[in-house]
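Next comes protein_4.cif, a file with mmCIF, C-alpha atoms and all ligand atoms.
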data_run
loop_
_atom_site.label_atom_id
_atom_site.label_comp_id
_atom_site.auth_asym_id
_atom_site.auth_seq_id
_atom_site.Cartn_x
_atom_site.Cartn_y
_atom_site.Cartn_z
CA MET U 1 -10.40 -7.97 14.14
CA ARG U 2 -10.42 -5.42 11.28
CA VAL U 3 -12.03 -6.39 7.98
CA GLY U 4 -12.41 -4.37 4.82
CA TYR U 5 -13.12 -4.26 1.12
CA VAL U 6 -11.14 -2.93 -1.81
CA GLN U 7 -13.29 -1.39 -4.56
CA PRO U 8 -11.10 -0.73 -7.61
CA ALA U 9 -11.78 0.09 -11.27
CA PRO U 10 -9.83 -2.65 -13.11
CA GLU U 11 -8.78 -2.26 -16.74
CA PHE U 12 -9.43 -5.33 -18.85
CA GLY U 13 -6.31 -7.41 -19.50
CA GLU U 14 -3.96 -5.08 -17.59
CA VAL U 15 -3.06 -7.57 -14.87
CA LYS U 16 0.08 -5.83 -13.59
CA ARG U 17 -1.59 -2.42 -13.59
CA ASN U 18 -4.62 -3.83 -11.71
CA LEU U 19 -2.43 -5.55 -9.11
CA ASP U 20 -0.38 -2.36 -8.60
CA ARG U 21 -3.58 -0.33 -8.14
CA VAL U 22 -4.89 -2.75 -5.53
CA ALA U 23 -1.53 -2.60 -3.73
CA ASP U 24 -1.86 1.22 -3.61
CA LEU U 25 -5.44 1.03 -2.32
CA LEU U 26 -4.45 -1.50 0.36
CA ALA U 27 -1.90 0.97 1.67
CA CYS U 28 -4.77 3.40 2.54
CA ASP U 29 -5.87 1.47 5.62
CA ARG U 30 -4.99 -1.50 7.83
CA ALA U 31 -6.93 -4.76 8.11
CA ASP U 32 -6.58 -8.35 9.25
CA LEU U 33 -8.74 -9.53 6.35
CA TRP U 34 -9.23 -7.72 3.05
CA VAL U 35 -11.72 -8.76 0.37
CA LEU U 36 -11.10 -7.91 -3.31
CA PRO U 37 -13.61 -8.18 -6.19
CA GLU U 38 -14.28 -11.09 -8.53
CA LEU U 39 -11.73 -11.28 -11.42
CA PHE U 40 -10.12 -8.10 -10.11
CA ALA U 41 -6.78 -8.66 -11.90
CA THR U 42 -8.02 -9.59 -15.37
CA GLY U 43 -11.25 -7.65 -15.74
CA TYR U 44 -14.59 -9.35 -16.37
CA GLN U 45 -15.86 -9.30 -19.93
CA PHE U 46 -13.91 -11.89 -21.93
CA ALA U 47 -14.89 -11.75 -25.60
CA THR U 48 -13.73 -15.30 -26.34
CA ALA U 49 -12.72 -18.46 -24.55
CA GLN U 50 -9.25 -18.01 -26.04
CA GLU U 51 -8.94 -14.61 -24.37
CA LEU U 52 -9.87 -16.14 -21.02
CA LYS U 53 -7.42 -18.98 -21.55
CA GLU U 54 -4.59 -16.50 -22.13
CA LEU U 55 -5.36 -14.57 -18.92
CA ALA U 56 -6.34 -17.42 -16.57
CA GLU U 57 -3.60 -18.59 -14.19
CA PRO U 58 -2.70 -21.69 -12.23
CA VAL U 59 -3.35 -21.41 -8.49
CA PRO U 60 -1.24 -20.93 -6.45
CA GLU U 61 1.73 -20.80 -8.86
CA GLY U 62 0.44 -17.98 -11.09
CA PRO U 63 1.58 -14.35 -10.84
CA THR U 64 -1.68 -13.05 -9.33
CA THR U 65 -1.80 -15.48 -6.39
CA SER U 66 1.98 -15.03 -5.89
CA ARG U 67 1.59 -11.25 -5.75
CA LEU U 68 -1.34 -11.53 -3.33
CA VAL U 69 0.75 -13.75 -1.04
CA ALA U 70 3.62 -11.23 -1.22
CA LEU U 71 1.21 -8.41 -0.28
CA ALA U 72 -0.20 -10.51 2.58
CA ARG U 73 3.33 -11.22 3.85
CA GLU U 74 4.40 -7.58 3.68
CA GLY U 75 1.23 -6.34 5.37
CA GLY U 76 0.69 -9.23 7.79
CA PHE U 77 -2.92 -9.72 6.67
CA HIS U 78 -5.15 -12.17 4.79
CA LEU U 79 -6.82 -11.50 1.44
CA ALA U 80 -9.83 -13.09 -0.27
CA ALA U 81 -9.89 -12.32 -3.99
CA GLY U 82 -11.52 -13.41 -7.22
CA ILE U 83 -9.26 -14.94 -9.87
CA ALA U 84 -9.54 -16.59 -13.31
CA GLU U 85 -8.10 -20.04 -12.60
CA ASN U 86 -6.59 -22.37 -15.18
CA ALA U 87 -6.49 -25.87 -13.69
CA ASP U 88 -4.88 -28.07 -16.35
CA GLY U 89 -6.93 -26.43 -19.08
CA ARG U 90 -10.21 -26.23 -17.14
CA LEU U 91 -11.11 -22.60 -16.51
CA TYR U 92 -12.86 -21.56 -13.30
CA ASN U 93 -14.15 -18.29 -11.90
CA SER U 94 -12.44 -18.84 -8.56
CA ALA U 95 -11.68 -17.12 -5.29
CA VAL U 96 -8.52 -17.60 -3.25
CA LEU U 97 -7.91 -16.93 0.42
CA VAL U 98 -4.24 -16.20 1.02
CA GLY U 99 -2.19 -15.27 4.06
CA PRO U 100 1.44 -14.49 4.87
CA HIS U 101 2.33 -18.19 4.49
CA GLY U 102 0.60 -18.77 1.17
CA LEU U 103 -2.67 -20.18 -0.13
CA VAL U 104 -5.15 -20.97 2.64
CA ALA U 105 -8.25 -21.94 0.63
CA ARG U 106 -9.62 -22.02 -2.89
CA TYR U 107 -13.26 -21.83 -4.01
CA ARG U 108 -14.67 -22.19 -7.54
CA LYS U 109 -17.85 -20.23 -8.29
CA VAL U 110 -20.72 -22.69 -8.19
CA HIS U 111 -23.44 -20.53 -9.79
CA LEU U 112 -22.23 -19.04 -13.08
CA PHE U 113 -23.81 -15.78 -14.25
CA TYR U 114 -24.90 -14.92 -17.79
CA GLU U 115 -22.06 -15.20 -20.40
CA GLU U 116 -19.82 -16.86 -17.80
CA LYS U 117 -21.72 -20.03 -18.71
CA ARG U 118 -20.04 -20.20 -22.11
CA LEU U 119 -16.57 -19.39 -20.72
CA PHE U 120 -16.04 -21.05 -17.36
CA ALA U 121 -16.53 -24.54 -15.97
CA PRO U 122 -18.98 -24.56 -13.03
CA GLY U 123 -17.37 -24.93 -9.62
CA ASP U 124 -16.62 -28.51 -8.61
CA LEU U 125 -15.29 -28.06 -5.06
CA PRO U 126 -17.38 -28.14 -1.88
CA PHE U 127 -18.10 -24.92 0.01
CA LEU U 128 -15.51 -24.59 2.74
CA VAL U 129 -14.62 -22.60 5.84
CA ALA U 130 -11.06 -21.63 6.83
CA THR U 131 -9.63 -19.95 9.91
CA VAL U 132 -8.28 -16.39 9.79
CA GLY U 133 -7.19 -15.26 13.26
CA GLU U 134 -10.28 -15.57 15.45
CA ALA U 135 -12.68 -15.84 12.50
CA ARG U 136 -14.00 -18.76 10.48
CA VAL U 137 -14.24 -17.50 6.92
CA GLY U 138 -16.24 -18.89 3.98
CA MET U 139 -16.27 -17.60 0.40
CA LEU U 140 -18.95 -17.00 -2.23
CA VAL U 141 -18.43 -15.34 -5.62
CA CYS U 142 -20.90 -12.74 -6.88
CA TYR U 143 -24.09 -14.42 -8.26
CA ASP U 144 -23.81 -17.11 -5.56
CA HIS U 145 -25.48 -14.40 -3.44
CA LEU U 146 -28.87 -15.23 -4.95
CA PHE U 147 -28.82 -18.81 -3.66
CA PRO U 148 -29.69 -18.91 0.05
CA GLU U 149 -28.54 -22.54 0.15
CA ALA U 150 -24.93 -21.46 -0.52
CA ALA U 151 -24.68 -19.01 2.38
CA ARG U 152 -26.67 -21.38 4.60
CA THR U 153 -24.20 -24.18 3.83
CA LEU U 154 -21.33 -21.91 4.93
CA ALA U 155 -23.22 -21.00 8.11
CA LEU U 156 -23.85 -24.69 8.86
CA LEU U 157 -20.12 -25.31 8.34
CA GLY U 158 -19.49 -22.72 11.07
CA ALA U 159 -18.63 -19.59 9.08
CA ASP U 160 -18.57 -16.37 11.10
CA LEU U 161 -17.94 -14.28 8.02
CA ILE U 162 -18.66 -14.67 4.32
CA ALA U 163 -16.08 -13.05 2.02
CA HIS U 164 -17.87 -12.17 -1.22
CA PRO U 165 -15.73 -11.08 -4.19
CA ALA U 166 -18.21 -9.64 -6.72
CA ASN U 167 -18.65 -7.91 -10.08
CA LEU U 168 -22.27 -6.89 -9.53
CA VAL U 169 -24.08 -5.40 -12.51
CA MET U 170 -27.76 -5.38 -11.45
CA PRO U 171 -28.22 -2.22 -9.37
CA GLY U 172 -28.75 -2.90 -5.69
CA LEU U 173 -29.50 -6.62 -6.05
CA GLY U 174 -26.46 -8.29 -4.52
CA GLN U 175 -26.14 -5.56 -1.90
CA LEU U 176 -29.71 -6.34 -0.81
CA THR U 177 -29.47 -10.14 -0.86
CA MET U 178 -26.19 -10.12 1.07
CA ARG U 179 -27.89 -8.15 3.86
CA VAL U 180 -30.51 -10.89 3.94
CA ARG U 181 -27.87 -13.65 3.79
CA ALA U 182 -26.17 -11.98 6.79
CA LEU U 183 -29.29 -11.65 8.92
CA GLU U 184 -30.87 -15.04 8.11
CA ASN U 185 -27.60 -16.79 9.03
CA ARG U 186 -26.45 -14.30 11.71
CA VAL U 187 -23.03 -13.94 10.06
CA PHE U 188 -20.86 -11.04 8.91
CA THR U 189 -20.56 -10.51 5.16
CA VAL U 190 -17.96 -8.51 3.24
CA THR U 191 -18.88 -7.82 -0.39
CA ALA U 192 -16.11 -6.31 -2.52
CA ASN U 193 -17.54 -5.01 -5.77
CA ARG U 194 -15.81 -3.07 -8.56
CA ILE U 195 -16.71 0.09 -10.42
CA GLY U 196 -16.37 1.14 -14.07
CA THR U 197 -17.80 -0.13 -17.35
CA GLU U 198 -16.71 -2.82 -19.82
CA SER U 199 -18.17 -3.01 -23.32
CA ARG U 200 -15.85 -5.38 -25.14
CA THR U 201 -18.56 -7.54 -26.73
CA GLY U 202 -20.91 -4.79 -27.90
CA GLU U 203 -22.89 -5.03 -24.65
CA ALA U 204 -22.02 -2.52 -21.93
CA LEU U 205 -21.71 -3.86 -18.40
CA CYS U 206 -21.74 -1.20 -15.64
CA PHE U 207 -20.38 -2.37 -12.32
CA THR U 208 -22.33 -0.99 -9.40
CA GLY U 209 -19.80 -0.34 -6.60
CA LEU U 210 -21.47 -0.02 -3.18
CA SER U 211 -19.13 -2.59 -1.63
CA GLN U 212 -20.24 -3.27 1.91
CA VAL U 213 -19.64 -4.88 5.28
CA VAL U 214 -22.80 -6.22 6.95
CA ALA U 215 -23.30 -7.31 10.58
CA PRO U 216 -25.15 -10.48 11.71
CA ASN U 217 -28.33 -8.44 12.33
CA GLY U 218 -28.31 -7.09 8.75
CA ASP U 219 -26.96 -3.63 9.64
CA VAL U 220 -24.64 -2.16 7.00
CA LEU U 221 -21.48 -1.26 8.95
CA LEU U 222 -19.63 0.25 5.98
CA GLN U 223 -20.58 1.03 2.38
CA ALA U 224 -18.52 2.39 -0.51
CA PRO U 225 -19.80 4.91 -3.05
CA GLN U 226 -21.25 3.79 -6.37
CA ASP U 227 -18.62 5.39 -8.58
CA ARG U 228 -15.33 5.87 -6.70
CA GLU U 229 -12.41 3.60 -5.88
CA GLU U 230 -12.08 2.98 -2.18
CA ALA U 231 -10.48 0.69 0.41
CA ARG U 232 -12.04 0.85 3.88
CA THR U 233 -12.09 -1.22 7.03
CA VAL U 234 -14.15 -1.66 10.18
CA GLU U 235 -13.55 -3.40 13.50
CA ILE U 236 -15.74 -6.46 14.13
CA ASP U 237 -16.00 -9.17 16.76
CA PRO U 238 -16.39 -12.33 14.65
CA THR U 239 -17.51 -14.36 17.70
CA ARG U 240 -20.75 -12.33 17.63
CA ALA U 241 -21.73 -14.54 14.69
CA ARG U 242 -21.72 -17.61 16.96
CA ASP U 243 -24.84 -16.45 18.80
CA LYS U 244 -27.67 -17.49 16.48
CA HIS U 245 -30.44 -16.19 18.73
CA LEU U 246 -33.08 -13.91 17.29
CA THR U 247 -35.05 -13.93 20.54
CA ARG U 248 -34.41 -15.69 23.84
CA LEU U 249 -36.42 -18.62 22.47
CA ASN U 250 -35.34 -18.57 18.82
CA ASP U 251 -32.05 -19.78 17.40
CA VAL U 252 -32.12 -19.40 13.61
CA LEU U 253 -30.09 -22.53 12.96
CA ALA U 254 -31.55 -24.73 15.70
CA ASP U 255 -35.12 -23.74 14.67
CA ARG U 256 -34.69 -25.13 11.17
CA ARG U 257 -37.00 -28.00 10.11
CA PRO U 258 -35.01 -29.70 7.37
CA GLU U 259 -37.51 -32.58 7.20
CA PHE U 260 -39.93 -30.10 5.58
CA TYR U 261 -37.48 -28.59 3.08
CA ARG U 262 -36.95 -29.69 -0.49
CA LEU U 263 -33.53 -29.17 -2.02
CA GLY U 264 -34.19 -30.79 -5.38
C1 LIG U 301 -21.86 -11.87 -11.38
O1 LIG U 301 -21.98 -13.01 -10.93
N1 LIG U 301 -20.69 -11.42 -11.79
C2 LIG U 301 -23.01 -10.96 -11.45
#
Hey, can you dump this file as structure tokens for me?
Amino acid sequence: MRVGYVQPAPEFGEVKRNLDRVADLLACDRADLWVLPELFATGYQFATAQELKELAEPVPEGPTTSRLVALAREGGFHLAAGIAENADGRLYNSAVLVGPHGLVARYRKVHLFYEEKRLFAPGDLPFLVATVGEARVGMLVCYDHLFPEAARTLALLGADLIAHPANLVMPGLGQLTMRVRALENRVFTVTANRIGTESRTGEALCFTGLSQVVAPNGDVLLQAPQDREEARTVEIDPTRARDKHLTRLNDVLADRRPEFYRLG
């Protein structure tokens, strides 16, 4: 199975332009599963709730999900991508998984970052795992990376791979934690980050690139540059993520002692 990331430089509010650019980048390589960044079609830094409302779309009927499905159909692949979702007036920072036949899964970002808290409703759907070819795929969005419970929940649900649309702004942080999430759960992770800067509110946000694919032992199989658009893929065997052994006598899921853990 080939998996890859797309690392574009979206322009705020230019949805058609951003979708066209992603379509061009996708044509650079071939994959079974592509991961795109968080809010890749709209851009990230909404100045007002009204601005977000005007750009957020219903899923799957909206133009962004429809275009992603059309791309998936033409290319015969699946795509996981971040999207501003308008669900009957409630606005979510969501991710969709689409394939040639349409929407496969939807996730709404559970852990909202920074100014997102005054714009979006927190995610209200359970973490979920869907099948893409041979792989069981779960989704997290950006800042979810800092919560080991989120990735662990996906691993316990049977995920082989975590698709991670992101708009990372703290240099190196999410790239580091996703390596840890991969190795502590023995899963593949694909983080698609964006590049460029947005300073629409008087505060500049610089997106850190360095999109990556990580193996279940924490090895970085592929990494993008910090400051250049790129779409790249790598061949993986997702079934490798089903062996949770660290040593002959240690299985990282079976060795857990939940009776000693506190979740609240
Ligand atoms: C983030 O959650 N966009 C950092």
Problem - Neighbours of point (-32.8, -18.2, 2.2) within 9 Å, using all atoms listed in the file, written as a PyMOL selection string - result: chain U and resi 146-152+180-181+184-185
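Candidate residues U:Leu39, U:Leu19, U:Ala182, U:Leu91 were compared for distance to ligand LIG 301 (chain U), and the nearest is U:Leu39, using all atoms listed in the file.
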Cut-off 9 Å: closest chain U/ligand LIG 301 (chain U) atom pairs per residue, using all atoms listed in the file, as JSON lines:
{"residue": "U:Glu38", "atom": "CA", "partner": "U:LIG301", "partner_atom": "N1", "distance": 7.2}
{"residue": "U:Leu39", "atom": "CA", "partner": "U:LIG301", "partner_atom": "N1", "distance": 9.0}
{"residue": "U:Tyr44", "atom": "CA", "partner": "U:LIG301", "partner_atom": "N1", "distance": 7.9}
{"residue": "U:Lys109", "atom": "CA", "partner": "U:LIG301", "partner_atom": "O1", "distance": 8.7}
{"residue": "U:His111", "atom": "CA", "partner": "U:LIG301", "partner_atom": "O1", "distance": 7.7}
{"residue": "U:Leu112", "atom": "CA", "partner": "U:LIG301", "partner_atom": "O1", "distance": 6.4}
{"residue": "U:Phe113", "atom": "CA", "partner": "U:LIG301", "partner_atom": "O1", "distance": 4.7}
{"residue": "U:Tyr114", "atom": "CA", "partner": "U:LIG301", "partner_atom": "O1", "distance": 7.7}
{"residue": "U:Glu116", "atom": "CA", "partner": "U:LIG301", "partner_atom": "N1", "distance": 8.2}
{"residue": "U:Val141", "atom": "CA", "partner": "U:LIG301", "partner_atom": "O1", "distance": 6.8}
{"residue": "U:Cys142", "atom": "CA", "partner": "U:LIG301", "partner_atom": "O1", "distance": 4.2}
{"residue": "U:Tyr143", "atom": "CA", "partner": "U:LIG301", "partner_atom": "O1", "distance": 3.7}
{"residue": "U:Asp144", "atom": "CA", "partner": "U:LIG301", "partner_atom": "O1", "distance": 7.0}
{"residue": "U:His145", "atom": "CA", "partner": "U:LIG301", "partner_atom": "O1", "distance": 8.4}
{"residue": "U:Ala166", "atom": "CA", "partner": "U:LIG301", "partner_atom": "N1", "distance": 5.9}
{"residue": "U:Asn167", "atom": "CA", "partner": "U:LIG301", "partner_atom": "N1", "distance": 4.4}
{"residue": "U:Leu168", "atom": "CA", "partner": "U:LIG301", "partner_atom": "C2", "distance": 4.6}
{"residue": "U:Val169", "atom": "CA", "partner": "U:LIG301", "partner_atom": "C2", "distance": 5.8}
{"residue": "U:Met170", "atom": "CA", "partner": "U:LIG301", "partner_atom": "C2", "distance": 7.3}
{"residue": "U:Gly174", "atom": "CA", "partner": "U:LIG301", "partner_atom": "C2", "distance": 8.2}
Next, write the just-selected residues to a file, as a PDB file, in the frame of the given file, keeping C-alpha atoms as the atom set.
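File selection33.pdb, as written:
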ATOM      1  CA  GLU U  38     -14.280 -11.090  -8.530  1.00  0.00           C
ATOM      2  CA  LEU U  39     -11.730 -11.280 -11.420  1.00  0.00           C
ATOM      3  CA  TYR U  44     -14.590  -9.350 -16.370  1.00  0.00           C
ATOM      4  CA  LYS U 109     -17.850 -20.230  -8.290  1.00  0.00           C
ATOM      5  CA  HIS U 111     -23.440 -20.530  -9.790  1.00  0.00           C
ATOM      6  CA  LEU U 112     -22.230 -19.040 -13.080  1.00  0.00           C
ATOM      7  CA  PHE U 113     -23.810 -15.780 -14.250  1.00  0.00           C
ATOM      8  CA  TYR U 114     -24.900 -14.920 -17.790  1.00  0.00           C
ATOM      9  CA  GLU U 116     -19.820 -16.860 -17.800  1.00  0.00           C
ATOM     10  CA  VAL U 141     -18.430 -15.340  -5.620  1.00  0.00           C
ATOM     11  CA  CYS U 142     -20.900 -12.740  -6.880  1.00  0.00           C
ATOM     12  CA  TYR U 143     -24.090 -14.420  -8.260  1.00  0.00           C
ATOM     13  CA  ASP U 144     -23.810 -17.110  -5.560  1.00  0.00           C
ATOM     14  CA  HIS U 145     -25.480 -14.400  -3.440  1.00  0.00           C
ATOM     15  CA  ALA U 166     -18.210  -9.640  -6.720  1.00  0.00           C
ATOM     16  CA  ASN U 167     -18.650  -7.910 -10.080  1.00  0.00           C
ATOM     17  CA  LEU U 168     -22.270  -6.890  -9.530  1.00  0.00           C
ATOM     18  CA  VAL U 169     -24.080  -5.400 -12.510  1.00  0.00           C
ATOM     19  CA  MET U 170     -27.760  -5.380 -11.450  1.00  0.00           C
ATOM     20  CA  GLY U 174     -26.460  -8.290  -4.520  1.00  0.00           C
TER      21      GLY U 174
END
Where is the centre and how long are the edges: axis-aligned box on segment 200-207 of chain U, 5 Å on each side, Å to one decimal, as JSON:
{"center_x": -19.4, "center_y": -4.4, "center_z": -20.1, "size_x": 17.0, "size_y": 16.3, "size_z": 25.6}
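The coordinates place atom CA of Gly172 of chain U at 27.4 Å from atom CA of Arg30 of chain U.
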Exercise for the section: Give as a ChimeraX atom specification every residue, naming chains and numbers as the document does, that has an atom within 10 Å of (-13.6, -8.3, -0.2), counting all atoms listed in the file. Expected result: /U:3-7,33-38,79-82,139,162-166,189-193,211-213,231
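Atom pair atom CA of Asn86 of chain U / atom CA of Lys53 of chain U has a distance of 7.3 Å (rounded to one decimal).
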Handout entry: Interatomic distance (Å, one decimal) between atom CA of Ala215 of chain U and atom CA of Arg242 of chain U
Key = 12.2 Å
